[in-house]
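Some notes on the structure that comes next.
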Amino acid sequence: MKLTLMVWRQESQASAGRLQRIEATDITPDMSFLEMLDVVNERLTLAGERPIAFDHDCREGICGTCGIVINGVPHGPQPGTTTCQLHMRHFRDGQTIVIEPYRAKPFPLLRDLIVDRGALDRIIAAGGYISASTGSAPDGNAIPVAKQRADMAMDAAACIGCGACVAACPNASAMLFVGAKISHLGLLPQGQPERWTRAEQMVAAMDQEGFGHCSNVTECAAVCPKEIDIGVIARMNRDRIGTIFLVARRSLRQDSP
Ligand code: SF4
Ligand code: FES
C-alpha cells in the first residue's frame with residue numbers, strides 16, 4: 001500500500017504546529033497503524049529528519065496510551081478498537097490519512113501527536129480507589145457478588161483511561177471516563193465504604209482540571225474503544241445526588257437538639 005499522511009508536527013506546546021505531508025510506501029495491510037508509523041519513522045530517521053513523536057506502550061489495547069485522532073476520529077474508523085489494534089487493511093491503497101493529536105484544553109500538547117493526559121491520573125488519585133487493609137490474599141468468593149452486578153462492574157472496569165471520550169466531546173467532558181471508574185467501584189461491595197466521597201471528590205477533581213460538562217452528545221461512547229455504556233454517566237450523577245442527600249442528613253443530625 002502507498003498512503004499520503006498529513007501529520008500534525010509541533011515541536012512543543014509553545015511553538016506553532018502544522019500538518020506535514022509525508023508519503024508512506026511499502027505498507028502492508030497486516031501492519032497495525034502504529035507499525036505503519038514505525039516504518040515511516042525509520043525512513044525519516046535514515047533521511048536525517050526528526051521522527052514523528054507518538055505515544056504507545058502495550059500495543060495490545062490494554063494500557064490506553066496510544067490515542068491519536070485519525071481522519072477526525074479518536075482511534076480512527078474502526079469501532080471498539082484502539083489505535084494500536086487498528087490495522088491498515090481498514091484503509092484503501094492511495095488514501096490520504098490525516099493524523100492529529102487529541103485536542104482538549106486539559107490535555108496540553110507535548111510534541112507532535114503526544115499530549116499530557118496526567119489530568120485523568122489526578123482524577124483517579126482524588127477518589128478512584130478503595131481503601132482496604134493489606135495482608136494475605138482473601139479466599140476466592142469470600143464476598144458474594146450477584147452475577148449481574150459483577151458483570152456490570154467488569155464492563156465498566158474495561159475503561160483503559162485513553163481519553164478518546166474527552167477528545168471526541170465538544171465540551172471536552174471526561175464524564176464517560178469518570179462514570180466508568182465510579183461505576184466499576186460503586187457496584188461492588190468493596191467500593192461501598194467510600195462510595196459517596198468518591199463521587200464527590202472525583203467530580204470536583206474533574207471540574208478543577210477544566211473538563212467540560214456533559215450535554216448528551218454521546219460522541220464519547222461512539223468512539224470509546226472499550227464500548228463503555230453511556231449509562232455510567234447516569235450512575236455517576238445518581239451517586240453525586242446521593243452525596244448531596246448524605247451531607248444534608250448529616251447536617252440535620254448535627255443541628256437537632
Ligand atoms: S471511557 Fe472509553 S474512551 Fe473514555 S477513557 Fe475509558 S476507554 Fe477511553
Ligand atoms: S498501546 Fe496500549 S492500548 Fe494502545
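Note on naming: chains are A, B, ... as they come in the C-alpha cells, residues start from 1 per chain, ligands start from 1 in the order shown.
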**For Cys214 (chain A): contacts at 12 Å, only C-alpha atoms, fewer than 3 positions along chain excluded, given as an MDAnalysis selection string** = chainID A and resid 165:166 168:179 206:207 211 217:221 230 233:234 236:237
Using only N, CA, C and O atoms, please write the residues we just selected to a file, as an mmCIF file, in the first residue's frame.
data_model
loop_
_atom_site.group_PDB
_atom_site.id
_atom_site.type_symbol
_atom_site.label_atom_id
_atom_site.label_comp_id
_atom_site.auth_asym_id
_atom_site.auth_seq_id
_atom_site.Cartn_x
_atom_site.Cartn_y
_atom_site.Cartn_z
ATOM 1 N N CYS A 165 -12.759 9.656 24.775
ATOM 2 C CA CYS A 165 -14.067 10.248 25.054
ATOM 3 C C CYS A 165 -13.952 11.759 25.213
ATOM 4 O O CYS A 165 -14.809 12.511 24.747
ATOM 5 N N VAL A 166 -12.880 12.206 25.856
ATOM 6 C CA VAL A 166 -12.653 13.645 26.052
ATOM 7 C C VAL A 166 -12.392 14.311 24.705
ATOM 8 O O VAL A 166 -12.939 15.368 24.388
ATOM 9 N N ALA A 168 -13.318 13.434 21.784
ATOM 10 C CA ALA A 168 -14.465 13.434 20.870
ATOM 11 C C ALA A 168 -15.557 14.398 21.311
ATOM 12 O O ALA A 168 -16.368 14.830 20.496
ATOM 13 N N CYS A 169 -15.575 14.734 22.597
ATOM 14 C CA CYS A 169 -16.671 15.540 23.142
ATOM 15 C C CYS A 169 -16.480 17.019 22.802
ATOM 16 O O CYS A 169 -15.401 17.560 23.027
ATOM 17 N N PRO A 170 -17.515 17.695 22.295
ATOM 18 C CA PRO A 170 -17.368 19.130 22.000
ATOM 19 C C PRO A 170 -17.123 19.964 23.255
ATOM 20 O O PRO A 170 -16.647 21.092 23.159
ATOM 21 N N ASN A 171 -17.446 19.404 24.435
ATOM 22 C CA ASN A 171 -17.213 20.123 25.698
ATOM 23 C C ASN A 171 -15.954 19.626 26.402
ATOM 24 O O ASN A 171 -15.689 20.028 27.529
ATOM 25 N N ALA A 172 -15.204 18.731 25.766
ATOM 26 C CA ALA A 172 -14.040 18.084 26.399
ATOM 27 C C ALA A 172 -14.433 17.547 27.779
ATOM 28 O O ALA A 172 -13.737 17.735 28.770
ATOM 29 N N SER A 173 -15.562 16.862 27.833
ATOM 30 C CA SER A 173 -16.021 16.301 29.101
ATOM 31 C C SER A 173 -15.366 14.941 29.349
ATOM 32 O O SER A 173 -15.169 14.152 28.428
ATOM 33 N N ALA A 174 -15.043 14.688 30.609
ATOM 34 C CA ALA A 174 -14.440 13.393 30.975
ATOM 35 C C ALA A 174 -15.457 12.518 31.693
ATOM 36 O O ALA A 174 -15.097 11.603 32.427
ATOM 37 N N MET A 175 -16.743 12.802 31.477
ATOM 38 C CA MET A 175 -17.763 12.117 32.286
ATOM 39 C C MET A 175 -17.868 10.623 31.990
ATOM 40 O O MET A 175 -18.206 9.851 32.874
ATOM 41 N N LEU A 176 -17.584 10.203 30.759
ATOM 42 C CA LEU A 176 -17.651 8.759 30.483
ATOM 43 C C LEU A 176 -16.541 8.047 31.252
ATOM 44 O O LEU A 176 -16.759 6.993 31.847
ATOM 45 N N PHE A 177 -15.370 8.641 31.242
ATOM 46 C CA PHE A 177 -14.232 8.077 31.979
ATOM 47 C C PHE A 177 -14.535 8.027 33.480
ATOM 48 O O PHE A 177 -14.418 6.968 34.114
ATOM 49 N N VAL A 178 -14.951 9.162 34.048
ATOM 50 C CA VAL A 178 -15.212 9.217 35.499
ATOM 51 C C VAL A 178 -16.396 8.313 35.852
ATOM 52 O O VAL A 178 -16.367 7.588 36.853
ATOM 53 N N GLY A 179 -17.422 8.316 34.993
ATOM 54 C CA GLY A 179 -18.580 7.454 35.238
ATOM 55 C C GLY A 179 -18.181 5.986 35.249
ATOM 56 O O GLY A 179 -18.678 5.199 36.064
ATOM 57 N N MET A 206 -12.451 16.556 38.474
ATOM 58 C CA MET A 206 -12.719 16.692 37.031
ATOM 59 C C MET A 206 -12.998 18.161 36.688
ATOM 60 O O MET A 206 -12.464 18.690 35.707
ATOM 61 N N ASP A 207 -13.805 18.816 37.513
ATOM 62 C CA ASP A 207 -14.111 20.235 37.266
ATOM 63 C C ASP A 207 -12.858 21.085 37.404
ATOM 64 O O ASP A 207 -12.605 21.987 36.608
ATOM 65 N N PHE A 211 -12.222 20.041 32.652
ATOM 66 C CA PHE A 211 -13.067 19.272 31.734
ATOM 67 C C PHE A 211 -14.466 19.889 31.725
ATOM 68 O O PHE A 211 -14.928 20.408 32.735
ATOM 69 N N VAL A 217 -24.312 14.622 23.938
ATOM 70 C CA VAL A 217 -23.991 14.466 22.511
ATOM 71 C C VAL A 217 -23.717 12.986 22.206
ATOM 72 O O VAL A 217 -23.966 12.502 21.110
ATOM 73 N N THR A 218 -23.176 12.275 23.189
ATOM 74 C CA THR A 218 -22.856 10.836 23.153
ATOM 75 C C THR A 218 -21.742 10.451 22.174
ATOM 76 O O THR A 218 -21.577 9.272 21.858
ATOM 77 N N GLU A 219 -20.994 11.427 21.702
ATOM 78 C CA GLU A 219 -19.815 11.108 20.871
ATOM 79 C C GLU A 219 -18.805 10.280 21.668
ATOM 80 O O GLU A 219 -18.074 9.466 21.108
ATOM 81 N N CYS A 220 -18.756 10.514 22.980
ATOM 82 C CA CYS A 220 -17.803 9.802 23.842
ATOM 83 C C CYS A 220 -17.974 8.291 23.702
ATOM 84 O O CYS A 220 -17.013 7.556 23.460
ATOM 85 N N ALA A 221 -19.233 7.844 23.850
ATOM 86 C CA ALA A 221 -19.495 6.403 23.779
ATOM 87 C C ALA A 221 -19.269 5.875 22.364
ATOM 88 O O ALA A 221 -18.868 4.727 22.178
ATOM 89 N N ILE A 230 -22.976 4.432 27.904
ATOM 90 C CA ILE A 230 -23.245 5.827 28.300
ATOM 91 C C ILE A 230 -23.991 5.891 29.637
ATOM 92 O O ILE A 230 -23.948 6.897 30.340
ATOM 93 N N ILE A 233 -22.692 7.372 33.040
ATOM 94 C CA ILE A 233 -22.786 8.796 33.411
ATOM 95 C C ILE A 233 -24.004 9.010 34.318
ATOM 96 O O ILE A 233 -23.939 9.749 35.301
ATOM 97 N N ALA A 234 -25.111 8.316 34.010
ATOM 98 C CA ALA A 234 -26.302 8.419 34.862
ATOM 99 C C ALA A 234 -25.991 7.870 36.254
ATOM 100 O O ALA A 234 -26.401 8.437 37.267
ATOM 101 N N MET A 236 -23.075 7.823 37.726
ATOM 102 C CA MET A 236 -22.231 8.818 38.396
ATOM 103 C C MET A 236 -23.094 9.949 38.959
ATOM 104 O O MET A 236 -22.910 10.368 40.099
ATOM 105 N N ASN A 237 -24.054 10.412 38.157
ATOM 106 C CA ASN A 237 -24.913 11.511 38.619
ATOM 107 C C ASN A 237 -25.782 11.072 39.799
ATOM 108 O O ASN A 237 -26.011 11.842 40.724
#
Closest atom pairs, chain A residues within 6 Å of ligand 1, only C-alpha atoms and all ligand atoms, as JSON lines:
{"residue": "A:Cys159", "atom": "CA", "partner": "ligand 1", "partner_atom_place_in_ligand_line": "6 (Fe)", "distance": 3.8}
{"residue": "A:Ile160", "atom": "CA", "partner": "ligand 1", "partner_atom_place_in_ligand_line": "7 (S)", "distance": 4.5}
{"residue": "A:Gly161", "atom": "CA", "partner": "ligand 1", "partner_atom_place_in_ligand_line": "5 (S)", "distance": 3.6}
{"residue": "A:Cys162", "atom": "CA", "partner": "ligand 1", "partner_atom_place_in_ligand_line": "8 (Fe)", "distance": 3.9}
{"residue": "A:Gly163", "atom": "CA", "partner": "ligand 1", "partner_atom_place_in_ligand_line": "5 (S)", "distance": 4.0}
{"residue": "A:Ala164", "atom": "CA", "partner": "ligand 1", "partner_atom_place_in_ligand_line": "3 (S)", "distance": 4.2}
{"residue": "A:Cys165", "atom": "CA", "partner": "ligand 1", "partner_atom_place_in_ligand_line": "3 (S)", "distance": 4.0}
{"residue": "A:Leu176", "atom": "CA", "partner": "ligand 1", "partner_atom_place_in_ligand_line": "1 (S)", "distance": 4.8}
{"residue": "A:Phe177", "atom": "CA", "partner": "ligand 1", "partner_atom_place_in_ligand_line": "1 (S)", "distance": 4.0}
{"residue": "A:Cys224", "atom": "CA", "partner": "ligand 1", "partner_atom_place_in_ligand_line": "3 (S)", "distance": 3.7}
{"residue": "A:Pro225", "atom": "CA", "partner": "ligand 1", "partner_atom_place_in_ligand_line": "7 (S)", "distance": 5.7}
{"residue": "A:Lys226", "atom": "CA", "partner": "ligand 1", "partner_atom_place_in_ligand_line": "7 (S)", "distance": 5.1}
{"residue": "A:Ile228", "atom": "CA", "partner": "ligand 1", "partner_atom_place_in_ligand_line": "1 (S)", "distance": 5.6}
Can you write just those residues out, all heavy atoms, as a CSV table (one decimal), in the first residue's frame?
chain,number,residue,atom,x,y,z
A,159,CYS,N,-12.6,0.2,31.0
A,159,CYS,CA,-12.1,1.5,30.6
A,159,CYS,C,-10.6,1.5,30.8
A,159,CYS,O,-10.1,1.2,31.9
A,159,CYS,CB,-12.7,2.6,31.5
A,159,CYS,SG,-11.9,4.2,31.3
A,160,ILE,N,-9.8,1.9,29.8
A,160,ILE,CA,-8.4,1.9,29.8
A,160,ILE,C,-7.8,3.3,30.0
A,160,ILE,O,-6.6,3.5,29.9
A,160,ILE,CB,-7.8,1.2,28.6
A,160,ILE,CG1,-8.3,1.9,27.3
A,160,ILE,CG2,-8.0,-0.3,28.6
A,160,ILE,CD1,-7.7,1.4,26.0
A,161,GLY,N,-8.7,4.3,30.2
A,161,GLY,CA,-8.2,5.6,30.5
A,161,GLY,C,-7.5,6.3,29.3
A,161,GLY,O,-6.5,7.0,29.5
A,162,CYS,N,-7.9,6.0,28.1
A,162,CYS,CA,-7.2,6.5,26.9
A,162,CYS,C,-7.6,8.0,26.6
A,162,CYS,O,-6.8,8.7,26.0
A,162,CYS,CB,-7.6,5.7,25.7
A,162,CYS,SG,-9.3,5.8,25.2
A,163,GLY,N,-8.7,8.5,27.1
A,163,GLY,CA,-9.1,9.9,26.9
A,163,GLY,C,-9.7,10.1,25.6
A,163,GLY,O,-10.0,11.3,25.2
A,164,ALA,N,-10.1,9.1,24.8
A,164,ALA,CA,-10.7,9.4,23.5
A,164,ALA,C,-12.1,10.0,23.7
A,164,ALA,O,-12.5,10.8,22.9
A,164,ALA,CB,-10.9,8.0,22.7
A,165,CYS,N,-12.8,9.7,24.8
A,165,CYS,CA,-14.1,10.2,25.1
A,165,CYS,C,-14.0,11.8,25.2
A,165,CYS,O,-14.8,12.5,24.7
A,165,CYS,CB,-14.7,9.6,26.3
A,165,CYS,SG,-13.5,9.4,27.7
A,176,LEU,N,-17.6,10.2,30.8
A,176,LEU,CA,-17.7,8.8,30.5
A,176,LEU,C,-16.5,8.0,31.3
A,176,LEU,O,-16.8,7.0,31.8
A,176,LEU,CB,-17.5,8.5,29.0
A,176,LEU,CG,-17.9,7.1,28.6
A,176,LEU,CD1,-19.5,6.9,28.7
A,176,LEU,CD2,-17.5,6.7,27.1
A,177,PHE,N,-15.4,8.6,31.2
A,177,PHE,CA,-14.2,8.1,32.0
A,177,PHE,C,-14.5,8.0,33.5
A,177,PHE,O,-14.4,7.0,34.1
A,177,PHE,CB,-13.0,8.9,31.7
A,177,PHE,CG,-11.8,8.7,32.7
A,177,PHE,CD1,-11.0,7.6,32.5
A,177,PHE,CD2,-11.6,9.6,33.7
A,177,PHE,CE1,-10.0,7.4,33.4
A,177,PHE,CE2,-10.5,9.5,34.5
A,177,PHE,CZ,-9.7,8.3,34.4
A,224,CYS,N,-15.5,5.3,22.0
A,224,CYS,CA,-14.8,4.6,23.1
A,224,CYS,C,-14.3,3.2,22.6
A,224,CYS,O,-15.1,2.4,22.2
A,224,CYS,CB,-15.7,4.4,24.3
A,224,CYS,SG,-15.0,3.3,25.6
A,225,PRO,N,-13.0,2.9,22.7
A,225,PRO,CA,-12.5,1.6,22.2
A,225,PRO,C,-13.0,0.4,23.0
A,225,PRO,O,-12.9,-0.7,22.6
A,225,PRO,CB,-11.0,1.8,22.2
A,225,PRO,CG,-10.7,2.8,23.2
A,225,PRO,CD,-11.9,3.8,23.2
A,226,LYS,N,-13.4,0.7,24.2
A,226,LYS,CA,-13.9,-0.4,25.1
A,226,LYS,C,-15.4,-0.4,25.2
A,226,LYS,O,-16.0,-1.1,26.0
A,226,LYS,CB,-13.2,-0.2,26.5
A,226,LYS,CG,-11.7,-0.4,26.5
A,226,LYS,CD,-11.3,-1.8,25.9
A,226,LYS,CE,-9.9,-1.8,25.4
A,226,LYS,NZ,-9.5,-3.1,24.8
A,228,ILE,N,-17.7,1.5,26.4
A,228,ILE,CA,-18.3,1.8,27.7
A,228,ILE,C,-19.7,2.4,27.5
A,228,ILE,O,-19.9,3.3,26.7
A,228,ILE,CB,-17.4,2.8,28.5
A,228,ILE,CG1,-16.0,2.2,28.8
A,228,ILE,CG2,-18.1,3.2,29.8
A,228,ILE,CD1,-15.9,1.0,29.7
Using only C-alpha atoms and all ligand atoms for the distances, tell me which of A:Arg149, A:Arg59, A:His213, A:Arg195 is nearest to ligand 2.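 Among A:Arg149, A:Arg59, A:His213, A:Arg195, it is A:Arg59 that comes nearest to ligand 2.
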What residues have any atom no more than 10 Å from ligand 2 when counting only C-alpha atoms and all ligand atoms, and can you list them as a ChimeraX atom specification? /A:34,55-68,75,81-86,160-162,225
DSSP-assigned strand (DSSP E or B) among region 91-135 of chain A, expressed as number ranges by chain: A: 96-100, 109-111, 114-115
message: When you look at Arg103 (chain A) with a cut-off of 9 Å (counting only C-alpha atoms), what residues show up, excluding the ones that are within fewer than 3 positions of it in the same chain? I need them as number ranges by chain.
response: A: 69, 100, 106-109, 115, 166-168, 172
Resulting file, chosen residues, N, CA, C and O atoms, as a PDB file, in the first residue's frame:
ATOM      1  N   VAL A  69      -5.855  11.047  16.806  1.00  0.00           N
ATOM      2  CA  VAL A  69      -7.056  11.307  16.006  1.00  0.00           C
ATOM      3  C   VAL A  69      -6.736  10.996  14.543  1.00  0.00           C
ATOM      4  O   VAL A  69      -5.815  11.573  13.959  1.00  0.00           O
ATOM      5  N   GLU A 100      -3.785  13.545  13.766  1.00  0.00           N
ATOM      6  CA  GLU A 100      -3.648  14.691  14.673  1.00  0.00           C
ATOM      7  C   GLU A 100      -3.637  14.221  16.130  1.00  0.00           C
ATOM      8  O   GLU A 100      -4.110  13.125  16.438  1.00  0.00           O
ATOM      9  N   PRO A 106      -7.658  20.309  28.738  1.00  0.00           N
ATOM     10  CA  PRO A 106      -6.995  19.639  29.867  1.00  0.00           C
ATOM     11  C   PRO A 106      -5.865  18.695  29.435  1.00  0.00           C
ATOM     12  O   PRO A 106      -5.189  18.125  30.290  1.00  0.00           O
ATOM     13  N   PHE A 107      -5.692  18.477  28.123  1.00  0.00           N
ATOM     14  CA  PHE A 107      -4.620  17.613  27.619  1.00  0.00           C
ATOM     15  C   PHE A 107      -3.589  18.468  26.861  1.00  0.00           C
ATOM     16  O   PHE A 107      -3.606  18.534  25.621  1.00  0.00           O
ATOM     17  N   PRO A 108      -2.678  19.147  27.552  1.00  0.00           N
ATOM     18  CA  PRO A 108      -1.722  20.006  26.839  1.00  0.00           C
ATOM     19  C   PRO A 108      -0.810  19.198  25.920  1.00  0.00           C
ATOM     20  O   PRO A 108      -0.367  18.103  26.272  1.00  0.00           O
ATOM     21  N   LEU A 109      -0.550  19.749  24.769  1.00  0.00           N
ATOM     22  CA  LEU A 109       0.287  19.041  23.792  1.00  0.00           C
ATOM     23  C   LEU A 109       1.756  19.064  24.229  1.00  0.00           C
ATOM     24  O   LEU A 109       2.263  20.081  24.689  1.00  0.00           O
ATOM     25  N   VAL A 115       0.079  14.071  23.841  1.00  0.00           N
ATOM     26  CA  VAL A 115      -0.482  15.041  24.784  1.00  0.00           C
ATOM     27  C   VAL A 115      -0.304  14.505  26.206  1.00  0.00           C
ATOM     28  O   VAL A 115      -0.124  13.306  26.408  1.00  0.00           O
ATOM     29  N   VAL A 166     -12.880  12.206  25.856  1.00  0.00           N
ATOM     30  CA  VAL A 166     -12.653  13.645  26.052  1.00  0.00           C
ATOM     31  C   VAL A 166     -12.392  14.311  24.705  1.00  0.00           C
ATOM     32  O   VAL A 166     -12.939  15.368  24.388  1.00  0.00           O
ATOM     33  N   ALA A 167     -11.544  13.668  23.898  1.00  0.00           N
ATOM     34  CA  ALA A 167     -11.171  14.252  22.611  1.00  0.00           C
ATOM     35  C   ALA A 167     -12.360  14.351  21.662  1.00  0.00           C
ATOM     36  O   ALA A 167     -12.431  15.255  20.829  1.00  0.00           O
ATOM     37  N   ALA A 168     -13.318  13.434  21.784  1.00  0.00           N
ATOM     38  CA  ALA A 168     -14.465  13.434  20.870  1.00  0.00           C
ATOM     39  C   ALA A 168     -15.557  14.398  21.311  1.00  0.00           C
ATOM     40  O   ALA A 168     -16.368  14.830  20.496  1.00  0.00           O
ATOM     41  N   ALA A 172     -15.204  18.731  25.766  1.00  0.00           N
ATOM     42  CA  ALA A 172     -14.040  18.084  26.399  1.00  0.00           C
ATOM     43  C   ALA A 172     -14.433  17.547  27.779  1.00  0.00           C
ATOM     44  O   ALA A 172     -13.737  17.735  28.770  1.00  0.00           O
TER      45      ALA A 172
END
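Taking only C-alpha atoms, the non-local environment of Met31 (chain A) within 9 Å (same-chain residues fewer than 5 positions away omitted) comprises Met36, Leu86, His87, Met88 and Arg89 of chain A.
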